[in-house]
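S.K.: This is the structure I want to talk about, given as structure tokens.
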Amino acid sequence: MADGDDVISKLEDFKQHFLTQATPIMIGGGVLAYTMIGISIDQEDEENSKFLILDPHYTGNDVLKNVIKKKGVSWKGKEMFLPGTFYNFCLPNACLNEK
């Protein structure tokens with residue numbers, strides 16, 4: 001995706017990925033990397049949709065209260081994606097072990 005402003009146009013792709021693959025989406029862009037683990041689509045105004053972001057840069061105890069307080073996992077709006085910045089989204093397929 002060539003521009004952070006285009007992220008809203010990808011909501012349906014993200015939704016379908018989570019419904020069919022249920023794997024995290026890795027995000028690379030700018031100088032940071034993140035992992036998307038969910039989305040909340042605002043049906044009345046998609047511009048207000050939110051992304052559930054796992055920050056792989058989080059350090060600290062694995063205590064939920066601390067993780068949330070330090071934003072190791074948090075809901076973010078489209079403003080986390082900077083205009084004019086290129087982003088890669090890796091949507092991995094689920095690996096199923098069928099017998």
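Just remember, in the structure tokens the first chain shown is A, the second B, etc., residues are 1-based per chain, and ligands are 1-based in the order shown.
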Taking 3 positions as the minimum chain separation for residues in the same chain, which residues sit within 6 Å of range 19-24 of chain A when counting only C-alpha atoms? Answer as a short mmCIF file (atom, residue, chain, number, x, y, z; two decimals) with N, CA and C atoms, in the first residue's frame.
M.R.:
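Listed below is the output, out_15.cif:
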```cif
data_model
loop_
_atom_site.label_atom_id
_atom_site.label_comp_id
_atom_site.auth_asym_id
_atom_site.auth_seq_id
_atom_site.Cartn_x
_atom_site.Cartn_y
_atom_site.Cartn_z
N GLN A 16 -11.90 -10.15 5.87
CA GLN A 16 -11.94 -11.47 5.25
C GLN A 16 -10.76 -12.34 5.71
N MET A 36 -1.15 -6.70 13.68
CA MET A 36 -2.58 -6.46 13.83
C MET A 36 -3.22 -7.79 14.22
N ILE A 37 -3.98 -7.78 15.32
CA ILE A 37 -4.60 -9.01 15.78
C ILE A 37 -6.12 -8.94 15.76
N ASN A 93 -1.37 -17.31 5.55
CA ASN A 93 -2.38 -18.35 5.55
C ASN A 93 -2.22 -19.20 6.80
N ALA A 94 -3.34 -19.73 7.27
CA ALA A 94 -3.28 -20.66 8.39
C ALA A 94 -2.66 -21.95 7.91
#
```
S.K.: Would you pick out the contacts of range 79-88 of chain A at 12 Å or less, using only C-alpha atoms, so that residues sharing its chain but fewer than 4 positions from it are not included, and give the list as an NGL selection string?
M.R.: :A and (1-8 or 10 or 25-36 or 47-53 or 74-75)
S.K.: Report the distance between CA of His57 in chain A and CA of Lys71 in chain A in Å, rounded to one decimal place.
M.R.: 10.0 Å
S.K.: As a list in words, please: every residue in chain A that a backbone DSSP assignment puts in helix (DSSP H, G or I).
M.R.: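 Output for chain A, helix (DSSP H, G or I) only: Gly4, Asp5, Asp6, Val7, Ile8, Ser9, Lys10, Leu11, Glu12, Asp13, Phe14, Lys15, Gln16, His17, Phe18, Leu19, Thr20, Glu46, Glu47, Asn48, Leu64, Lys65, Asn66, Val67, Ile68, Lys69, Lys78, Glu79 and Met80 of chain A.
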S.K.: Enter the distance from CA of Lys70 in chain A to CA of Pro56 in chain A, in Å, rounded to one decimal.
M.R.: 12.0 Å
S.K.: Just to confirm, what's the straight-line distance from CA of Gly77 in chain A to CA of Leu91 in chain A in Å (one decimal)?
M.R.: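 That distance, rounded to one decimal, is 19.5 Å.
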S.K.: I'd like to know which residues of chain A are strand (DSSP E) (by DSSP, run on the backbone); could you write them as a PyMOL selection string?
M.R.: chain A and resi 25-29+32-40+50-54+73-76+87-90
S.K.: My list of candidates is A:Thr59, A:Leu11, A:Glu44, A:Cys90. Which is closest to Lys78 in chain A when distances are computed with only C-alpha atoms?
M.R.: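 Comparing A:Thr59, A:Leu11, A:Glu44, A:Cys90 against Lys78 in chain A, the winner is A:Leu11.
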